[in-house]
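> What follows is entry_15.txt, compact mmCIF, C-alpha atoms.
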# COMPACT_ATOMS: atom_id res chain seq x y z
CA MET N 1 -3.95 -22.51 23.69
CA THR N 2 -3.11 -24.47 20.56
CA GLU N 3 -0.31 -27.03 20.43
CA ARG N 4 1.61 -24.79 18.01
CA THR N 5 1.31 -21.76 20.34
CA ALA N 6 2.54 -23.81 23.29
CA ARG N 7 5.46 -25.15 21.26
CA VAL N 8 6.54 -21.74 19.99
CA LEU N 9 6.26 -20.17 23.45
CA MET N 10 8.42 -22.92 24.94
CA GLN N 11 10.99 -22.44 22.17
CA LEU N 12 11.40 -18.76 23.05
CA PRO N 13 14.47 -18.07 25.23
CA PRO N 14 13.71 -17.37 28.90
CA SER N 15 14.66 -13.72 28.35
CA HIS N 16 11.92 -13.43 25.70
CA ARG N 17 9.36 -15.07 27.96
CA ALA N 18 10.28 -12.68 30.78
CA LEU N 19 9.86 -9.71 28.43
CA LEU N 20 6.44 -10.98 27.35
CA SER N 21 5.37 -11.26 30.99
CA ARG N 22 6.20 -7.58 31.46
CA LEU N 23 4.62 -6.38 28.21
CA LEU N 24 1.49 -8.50 28.64
CA PRO N 25 0.85 -8.33 32.40
CA GLY N 26 -1.78 -10.62 33.81
CA VAL N 27 -2.08 -12.59 30.57
CA THR N 28 -1.68 -16.36 30.84
CA PRO N 29 -0.24 -18.51 28.04
CA GLU N 30 -3.73 -19.91 27.42
CA ASP N 31 -4.87 -16.41 26.39
CA LEU N 32 -2.16 -16.01 23.77
CA THR N 33 -1.85 -16.78 20.09
CA VAL N 34 1.60 -16.92 18.49
CA ARG N 35 2.37 -16.46 14.82
CA GLN N 36 5.83 -16.99 13.42
CA GLY N 37 6.40 -14.84 10.36
CA GLN N 38 9.37 -14.38 8.12
CA PHE N 39 10.71 -11.46 10.15
CA HIS N 40 8.96 -11.53 13.54
CA GLN N 41 7.57 -13.67 16.29
CA VAL N 42 4.12 -12.15 16.84
CA VAL N 43 2.51 -12.78 20.22
CA ILE N 44 -1.17 -11.81 20.29
CA GLY N 45 -2.85 -10.98 23.57
CA ALA N 46 -6.37 -9.78 24.35
CA ASP N 47 -5.84 -6.14 23.41
CA ARG N 48 -2.22 -5.82 22.32
CA VAL N 49 0.32 -7.56 20.11
CA VAL N 50 4.04 -7.94 20.73
CA CYS N 51 6.41 -8.17 17.76
CA LEU N 52 9.82 -9.74 18.46
CA PRO N 53 12.24 -9.54 15.52
CA ARG N 54 13.82 -12.81 14.48
CA THR N 55 16.91 -11.29 12.85
CA ASP N 56 19.20 -8.32 13.40
CA ALA N 57 17.99 -6.84 10.11
CA ALA N 58 14.37 -7.06 11.26
CA ALA N 59 15.31 -5.43 14.55
CA THR N 60 16.96 -2.57 12.68
CA ARG N 61 13.74 -1.99 10.73
CA LEU N 62 11.46 -1.85 13.81
CA PRO N 63 11.63 1.94 14.25
CA HIS N 64 10.74 2.46 10.58
CA ARG N 65 7.90 -0.03 10.88
CA ALA N 66 6.54 1.83 13.89
CA ALA N 67 6.78 5.15 12.01
CA ILE N 68 4.82 3.75 9.06
CA LEU N 69 2.12 2.38 11.36
CA ARG N 70 1.83 5.76 13.07
CA LEU N 71 1.41 7.36 9.65
CA LEU N 72 -1.29 4.85 8.67
CA ALA N 73 -3.13 5.33 11.97
CA ALA N 74 -3.37 9.05 11.23
CA LEU N 75 -4.94 8.56 7.80
CA ASP N 76 -8.64 8.56 7.02
CA LEU N 77 -8.85 4.96 5.86
CA GLY N 78 -12.22 4.02 7.31
CA PHE N 79 -10.88 0.93 9.09
CA ALA N 80 -8.48 0.20 11.93
CA THR N 81 -4.76 -0.45 11.57
CA PRO N 82 -2.35 -1.51 14.34
CA ARG N 83 -1.15 1.47 16.42
CA PRO N 84 2.30 1.44 18.05
CA LEU N 85 1.91 1.53 21.82
CA GLU N 86 5.46 0.96 22.98
CA GLU N 87 8.82 0.29 21.40
CA GLY N 88 12.22 -0.23 22.85
CA SER N 89 14.80 -2.75 23.92
CA ALA N 90 15.06 -4.71 27.17
CA ASP N 91 18.33 -6.45 27.99
CA GLY N 92 19.29 -6.24 24.33
CA LEU N 93 15.92 -7.57 23.12
CA PRO N 94 14.19 -5.12 20.76
CA TYR N 95 10.40 -5.18 20.65
CA LEU N 96 7.38 -3.35 19.31
CA VAL N 97 3.99 -3.41 21.04
CA LEU N 98 0.93 -2.74 18.87
CA SER N 99 -2.76 -2.37 19.52
CA ARG N 100 -4.76 -5.43 18.58
CA VAL N 101 -7.16 -4.83 15.70
CA PRO N 102 -10.56 -6.43 16.40
CA GLY N 103 -12.16 -8.99 14.13
CA ALA N 104 -11.19 -12.16 12.31
CA PRO N 105 -10.49 -13.19 8.71
CA LEU N 106 -13.49 -14.08 6.57
CA GLU N 107 -13.72 -17.65 5.36
CA ALA N 108 -14.25 -18.11 1.63
CA GLU N 109 -17.38 -20.20 2.28
CA ALA N 110 -19.14 -17.13 3.66
CA LEU N 111 -19.19 -15.63 0.16
CA GLU N 112 -21.48 -18.41 -1.09
CA ASP N 113 -24.31 -16.25 0.26
CA PRO N 114 -24.92 -13.62 -2.49
CA GLN N 115 -25.93 -10.97 0.04
CA VAL N 116 -22.72 -11.49 1.99
CA ALA N 117 -20.63 -11.49 -1.19
CA GLU N 118 -22.14 -8.19 -2.32
CA ALA N 119 -21.59 -6.55 1.07
CA VAL N 120 -17.99 -7.74 1.28
CA ALA N 121 -17.18 -6.76 -2.31
CA THR N 122 -18.59 -3.27 -1.71
CA GLN N 123 -16.38 -2.86 1.35
CA TYR N 124 -13.31 -4.08 -0.53
CA VAL N 125 -13.97 -1.34 -3.09
CA THR N 126 -14.20 1.19 -0.26
CA LEU N 127 -10.93 -0.13 1.18
CA LEU N 128 -9.10 0.08 -2.16
CA THR N 129 -10.54 3.52 -2.87
CA ALA N 130 -9.23 4.77 0.47
CA LEU N 131 -5.76 3.40 -0.30
CA ALA N 132 -5.80 5.10 -3.71
CA ARG N 133 -7.01 8.39 -2.26
CA ASN N 134 -4.25 8.46 0.35
CA GLY N 135 -1.69 7.50 -2.27
CA ALA N 136 -2.07 11.05 -3.62
CA SER N 137 -0.92 12.59 -0.33
CA ASP N 138 2.52 14.20 -0.51
CA GLN N 139 3.15 13.18 3.10
CA VAL N 140 2.35 9.56 2.38
CA ARG N 141 4.33 9.46 -0.85
CA ALA N 142 7.36 10.90 0.93
CA ALA N 143 7.19 8.22 3.63
CA LEU N 144 6.54 5.10 1.53
CA PRO N 145 8.81 3.52 -1.08
CA ALA N 146 7.85 3.40 -4.75
CA PRO N 147 10.43 0.91 -6.08
CA ARG N 148 10.71 1.18 -9.86
CA ASP N 149 12.80 -1.98 -10.19
CA ARG N 150 10.88 -4.19 -7.77
CA TRP N 151 9.81 -6.86 -10.24
CA ARG N 152 13.18 -6.89 -12.02
CA ARG N 153 14.93 -7.54 -8.72
CA PHE N 154 12.39 -10.19 -7.76
CA ALA N 155 12.94 -12.04 -11.06
CA ALA N 156 16.71 -11.89 -10.63
CA ASP N 157 16.48 -13.22 -7.07
CA VAL N 158 14.21 -16.11 -8.09
CA ARG N 159 16.63 -17.11 -10.84
CA ALA N 160 19.62 -16.89 -8.51
CA GLU N 161 18.12 -18.55 -5.43
CA LEU N 162 15.38 -20.92 -6.60
CA PHE N 163 16.21 -22.14 -10.09
CA GLY N 164 18.67 -24.66 -8.68
CA LEU N 165 15.82 -26.25 -6.71
CA MET N 166 13.56 -26.72 -9.75
CA SER N 167 13.25 -29.30 -12.49
CA ASP N 168 13.96 -28.29 -16.10
CA GLY N 169 10.23 -28.01 -16.73
CA GLY N 170 9.80 -26.00 -13.55
CA ARG N 171 12.48 -23.53 -14.60
CA GLN N 172 10.79 -23.11 -17.98
CA ARG N 173 7.45 -22.39 -16.30
CA ALA N 174 9.05 -19.95 -13.86
CA GLU N 175 10.87 -18.21 -16.69
CA ARG N 176 7.59 -17.62 -18.51
CA GLU N 177 6.00 -16.17 -15.39
CA LEU N 178 8.99 -13.96 -14.65
CA ALA N 179 9.26 -12.77 -18.25
CA ALA N 180 5.63 -11.63 -18.09
CA LEU N 181 6.59 -9.21 -15.31
CA ASP N 182 8.44 -7.15 -17.93
CA SER N 183 5.04 -6.11 -19.29
CA LEU N 184 4.01 -4.42 -16.04
CA PRO N 185 4.07 -0.62 -16.14
CA HIS N 186 5.63 1.31 -13.28
CA LEU N 187 2.53 2.67 -11.59
CA THR N 188 2.43 4.82 -8.48
CA ASP N 189 -1.33 5.27 -8.23
CA ALA N 190 -2.08 4.11 -4.72
CA VAL N 191 -0.97 2.96 -1.32
CA VAL N 192 -0.51 -0.78 -1.84
CA HIS N 193 -0.73 -3.05 1.20
CA GLY N 194 1.39 -5.70 -0.50
CA ASP N 195 -0.14 -8.74 1.21
CA LEU N 196 -3.90 -8.16 1.17
CA GLY N 197 -4.79 -11.84 1.46
CA ALA N 198 -7.79 -12.92 3.52
CA GLU N 199 -5.68 -13.56 6.64
CA ASN N 200 -4.78 -9.86 6.90
CA VAL N 201 -8.28 -8.39 6.42
CA LEU N 202 -10.41 -8.59 9.56
CA TRP N 203 -14.19 -8.53 9.87
CA GLU N 204 -16.87 -8.37 12.55
CA ARG N 205 -20.55 -9.26 12.21
CA LYS N 206 -23.34 -6.70 12.36
CA ASP N 207 -26.95 -7.63 11.64
CA GLY N 208 -25.71 -10.90 10.18
CA LEU N 209 -23.36 -9.32 7.64
CA PRO N 210 -19.57 -8.92 7.76
CA VAL N 211 -18.33 -5.42 8.48
CA LEU N 212 -14.71 -4.54 7.73
CA SER N 213 -12.98 -3.83 11.04
CA GLY N 214 -9.32 -3.55 10.15
CA VAL N 215 -6.28 -4.53 8.12
CA ILE N 216 -3.05 -5.85 9.64
CA ASP N 217 0.50 -6.81 8.57
CA TRP N 218 1.67 -3.72 6.68
CA ASP N 219 5.30 -4.81 6.34
CA GLU N 220 5.21 -4.68 2.53
CA VAL N 221 3.29 -1.40 2.18
CA ALA N 222 4.45 0.85 -0.66
CA ILE N 223 3.26 3.23 -3.34
CA GLY N 224 2.45 1.17 -6.41
CA ASP N 225 -0.08 -0.68 -8.52
CA PRO N 226 -3.42 -1.59 -6.91
CA ALA N 227 -3.43 -4.68 -9.15
CA GLU N 228 -1.11 -6.27 -6.60
CA ASP N 229 -3.70 -6.02 -3.83
CA LEU N 230 -6.48 -7.18 -6.17
CA ALA N 231 -4.37 -10.20 -7.09
CA ALA N 232 -4.24 -11.13 -3.39
CA VAL N 233 -8.02 -10.74 -3.15
CA ALA N 234 -8.41 -13.08 -6.13
CA ALA N 235 -6.02 -15.62 -4.63
CA SER N 236 -8.04 -15.68 -1.42
CA TYR N 237 -11.58 -15.64 -2.79
CA GLY N 238 -11.43 -16.63 -6.46
CA ALA N 239 -12.08 -15.11 -9.87
CA SER N 240 -15.84 -14.76 -9.42
CA PHE N 241 -15.47 -12.59 -6.34
CA LEU N 242 -12.70 -10.57 -7.98
CA ASN N 243 -15.00 -9.86 -10.93
CA ARG N 244 -17.68 -8.70 -8.51
CA VAL N 245 -15.20 -6.25 -6.95
CA LEU N 246 -14.03 -4.98 -10.35
CA THR N 247 -17.62 -4.51 -11.50
CA LEU N 248 -18.38 -2.35 -8.47
CA ASP N 249 -15.15 -0.35 -8.76
CA ALA N 250 -15.27 2.35 -11.42
CA ARG N 251 -11.53 3.08 -11.22
CA PRO N 252 -9.75 0.12 -12.89
CA GLY N 253 -8.53 0.70 -16.44
CA SER N 254 -8.54 -1.65 -19.39
CA THR N 255 -5.26 -3.36 -18.41
CA MET N 256 -6.16 -4.07 -14.78
CA THR N 257 -7.28 -7.67 -15.33
CA ALA N 258 -4.11 -8.51 -17.26
CA ARG N 259 -1.88 -6.94 -14.60
CA ILE N 260 -3.68 -8.88 -11.86
CA ALA N 261 -3.14 -12.15 -13.75
CA VAL N 262 0.59 -11.50 -14.25
CA ILE N 263 1.16 -10.65 -10.59
CA ARG N 264 -0.97 -13.48 -9.26
CA ALA N 265 0.97 -16.01 -11.36
CA THR N 266 4.08 -15.19 -9.30
CA PHE N 267 2.53 -15.76 -5.87
CA ALA N 268 3.92 -19.30 -5.50
CA LEU N 269 7.38 -18.02 -6.41
CA GLN N 270 7.01 -15.15 -3.94
CA GLN N 271 6.08 -17.66 -1.23
CA ALA N 272 8.98 -19.92 -2.13
CA LEU N 273 11.53 -17.11 -2.17
CA SER N 274 10.44 -15.84 1.25
CA ALA N 275 10.39 -19.38 2.65
CA HIS N 276 13.84 -20.14 1.24
CA ARG N 277 15.27 -17.06 2.93
CA ASP N 278 13.41 -17.89 6.14
CA GLY N 279 14.52 -21.52 6.22
CA ASP N 280 10.90 -22.72 6.23
CA GLU N 281 11.14 -26.04 4.40
CA GLU N 282 7.40 -26.76 4.53
CA GLU N 283 6.42 -23.44 2.93
CA LEU N 284 9.27 -23.75 0.44
CA ALA N 285 8.10 -27.19 -0.66
CA ASP N 286 4.54 -25.94 -1.02
CA GLY N 287 5.63 -22.92 -3.05
CA LEU N 288 7.81 -24.97 -5.39
CA ALA N 289 5.41 -27.92 -5.76
CA ALA N 290 4.50 -26.97 -9.34
CA TYR N 291 8.13 -26.37 -10.30
CA ARG N 292 9.68 -29.69 -9.34
Have the structure of the file written as structure tokens, please.

Amino acid sequence: MTERTARVLMQLPPSHRALLSRLLPGVTPEDLTVRQGQFHQVVIGADRVVCLPRTDAAATRLPHRAAILRLLAALDLGFATPRPLEEGSADGLPYLVLSRVPGAPLEAEALEDPQVAEAVATQYVTLLTALARNGASDQVRAALPAPRDRWRRFAADVRAELFGLMSDGGRQRAERELAALDSLPHLTDAVVHGDLGAENVLWERKDGLPVLSGVIDWDEVAIGDPAEDLAAVAASYGASFLNRVLTLDARPGSTMTARIAVIRATFALQQALSAHRDGDEEELADGLAAYR
């Protein structure tokens, strides 16, 4: 058990620890990993994961989150997604229990091997193709949001909540990045994960090569522009790997690279806005480092 896991577990109220003992029977603290996200405390056991909402708003959204995960589990994606196993409330504590998806994130250094890079890029194309294919489903489109004004609202929120924390030069830089969002078309081509960074894409090894095992953390899933997911791939693994993926993928149009660049340029602001709302000073400082 890491020091951070031990600290977070001890910070949980006794009622939460009692609930975890019931939901994860026979599991000792040494077998657990704890992640603290913006909306949930996520306690990871050997074969199941317990999500404990950190706010009343997050608790209210749990049933919808479970419904979306059930929808995803029923799709032909070609990889595993977390499946809801149990949801409810115990002594006023809402919770959601999910299956644990096998595998681990792939380190960027692994892609220095050309054979590995080619295999991983090919599987990313398969992943993105599956998301696009299912984005055409009427059932999926009815269940997932397709927010037309997403980027406009994001720009307005950054100006209102973060500009006061920036230097004059930082505000000018942020304004340029936010203004570029106006050039993005409203696309509803695909299921978009919304946070397809390396930490949420899990792999196992077979015959020495990574094999995609699953994708986790679907809180931001929507119908939208696949450029958003490709921007996260680029942020995790760099421009060279992104170009390899785009070369293998016959679907992207002529504006894809430009859309990826515009979206990727806002990632630090996205991090900072989430951290500001979450009260995470360390993540906020990291996100705003180039704007101060």
> Counting only C-alpha atoms, what is within 12 Å of Gly208 of chain N, bar same-chain residues fewer than 4 positions away, as a PyMOL selection string?
chain N and resi 110+113+115-116+119+203-204
> For segment 227-234 of chain N, work out the shell of residues within 7 Å, counting only C-alpha atoms and skipping chain neighbours fewer than 5 positions away, then give it as a PyMOL selection string.
chain N and resi 192-197+239+242+256+259-260+263-264
> Would you export the selected residues with C-alpha atoms as a short mmCIF file (atom, residue, chain, number, x, y, z; two decimals), in the frame of the given file, please?

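Okay, part00.cif is ready:
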data_model
loop_
_atom_site.label_atom_id
_atom_site.label_comp_id
_atom_site.auth_asym_id
_atom_site.auth_seq_id
_atom_site.Cartn_x
_atom_site.Cartn_y
_atom_site.Cartn_z
CA VAL N 192 -0.51 -0.78 -1.84
CA HIS N 193 -0.73 -3.05 1.20
CA GLY N 194 1.39 -5.70 -0.50
CA ASP N 195 -0.14 -8.74 1.21
CA LEU N 196 -3.90 -8.16 1.17
CA GLY N 197 -4.79 -11.84 1.46
CA ALA N 239 -12.08 -15.11 -9.87
CA LEU N 242 -12.70 -10.57 -7.98
CA MET N 256 -6.16 -4.07 -14.78
CA ARG N 259 -1.88 -6.94 -14.60
CA ILE N 260 -3.68 -8.88 -11.86
CA ILE N 263 1.16 -10.65 -10.59
CA ARG N 264 -0.97 -13.48 -9.26
#
> Could you give me, as a list in words, the residues within 10 Å of Leu181 of chain N, counting all atoms listed in the file and dropping anything in the same chain fewer than 5 positions from it?
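Contacts, with the query itself left out: Trp151, Arg152, Phe154, Ala155, Arg176, Arg259, Val262, Ile263, Ala265 and Thr266 of chain N.
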> Between N:Phe241, N:Pro226, N:Leu184, N:Gly214, which residue has the minimum interatomic distance to Ala258 of chain N, considering only C-alpha atoms?
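For Ala258 of chain N, the nearest of the given residues is N:Leu184.
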> From the set N:Pro147, N:Leu288, N:Ser274, N:Gly279, which residue has the shortest atom-to-atom contact distance to Met166 of chain N, counting all atoms listed in the file?
N:Leu288
> Of the candidates N:Asn134, N:Gln271, N:Ser89, N:Thr81, which one gets nearest to Leu212 of chain N if we count only C-alpha atoms?
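Under the stated criterion, the closest residue is N:Thr81.
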> Point out the residue among N:Leu248, N:Leu178, N:Val50, N:Val101 with the least atom-to-atom distance to Asp157 of chain N, counting all atoms listed in the file.
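Using all atoms listed in the file, the shortest distance to Asp157 of chain N belongs to N:Leu178.
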> I'd like the interatomic distance between atom CA of His64 of chain N and atom CA of Thr33 of chain N, to a tenth of an Å.
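Computing the Euclidean distance for atom CA of His64 of chain N and atom CA of Thr33 of chain N yields 24.9 Å.
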> Just checking: using all atoms listed in the file, which residue out of N:Glu118, N:Asp280, N:Asp189, N:Glu30 ends up closest to Ser137 of chain N?
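Going through N:Glu118, N:Asp280, N:Asp189, N:Glu30 one by one, the smallest distance to Ser137 of chain N is for N:Asp189.
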> I want to know what sits within 10 Å of Asp31 of chain N, based on all atoms listed in the file, with residues of the same chain fewer than 5 positions away left out; could you give that as a list in words?
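Contacts, with the query itself left out: Met1, Gly26, Ile44, Gly45 and Ala46 of chain N.
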> Please list as a PyMOL selection string every residue within 12 Å of Ile68 of chain N, counting only C-alpha atoms and excluding residues in the same chain fewer than 3 positions away.
chain N and resi 61-65+71-75+81-84+139-145+191+193+217-222
> Report, in Å to a single decimal, how far apart atom CA of Ala130 of chain N and atom CA of Phe267 of chain N are.
24.5 Å
> Identify which of the residues N:Leu85, N:Leu269, N:Val120, N:Ile223 lies closest to Leu209 of chain N, counting only C-alpha atoms when measuring atom-to-atom distances.
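Under the stated criterion, the closest residue is N:Val120.
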> Could you tell me how far atom CA of Asp138 of chain N lies from atom CA of Asn200 of chain N, in Å and to one decimal?
26.2 Å
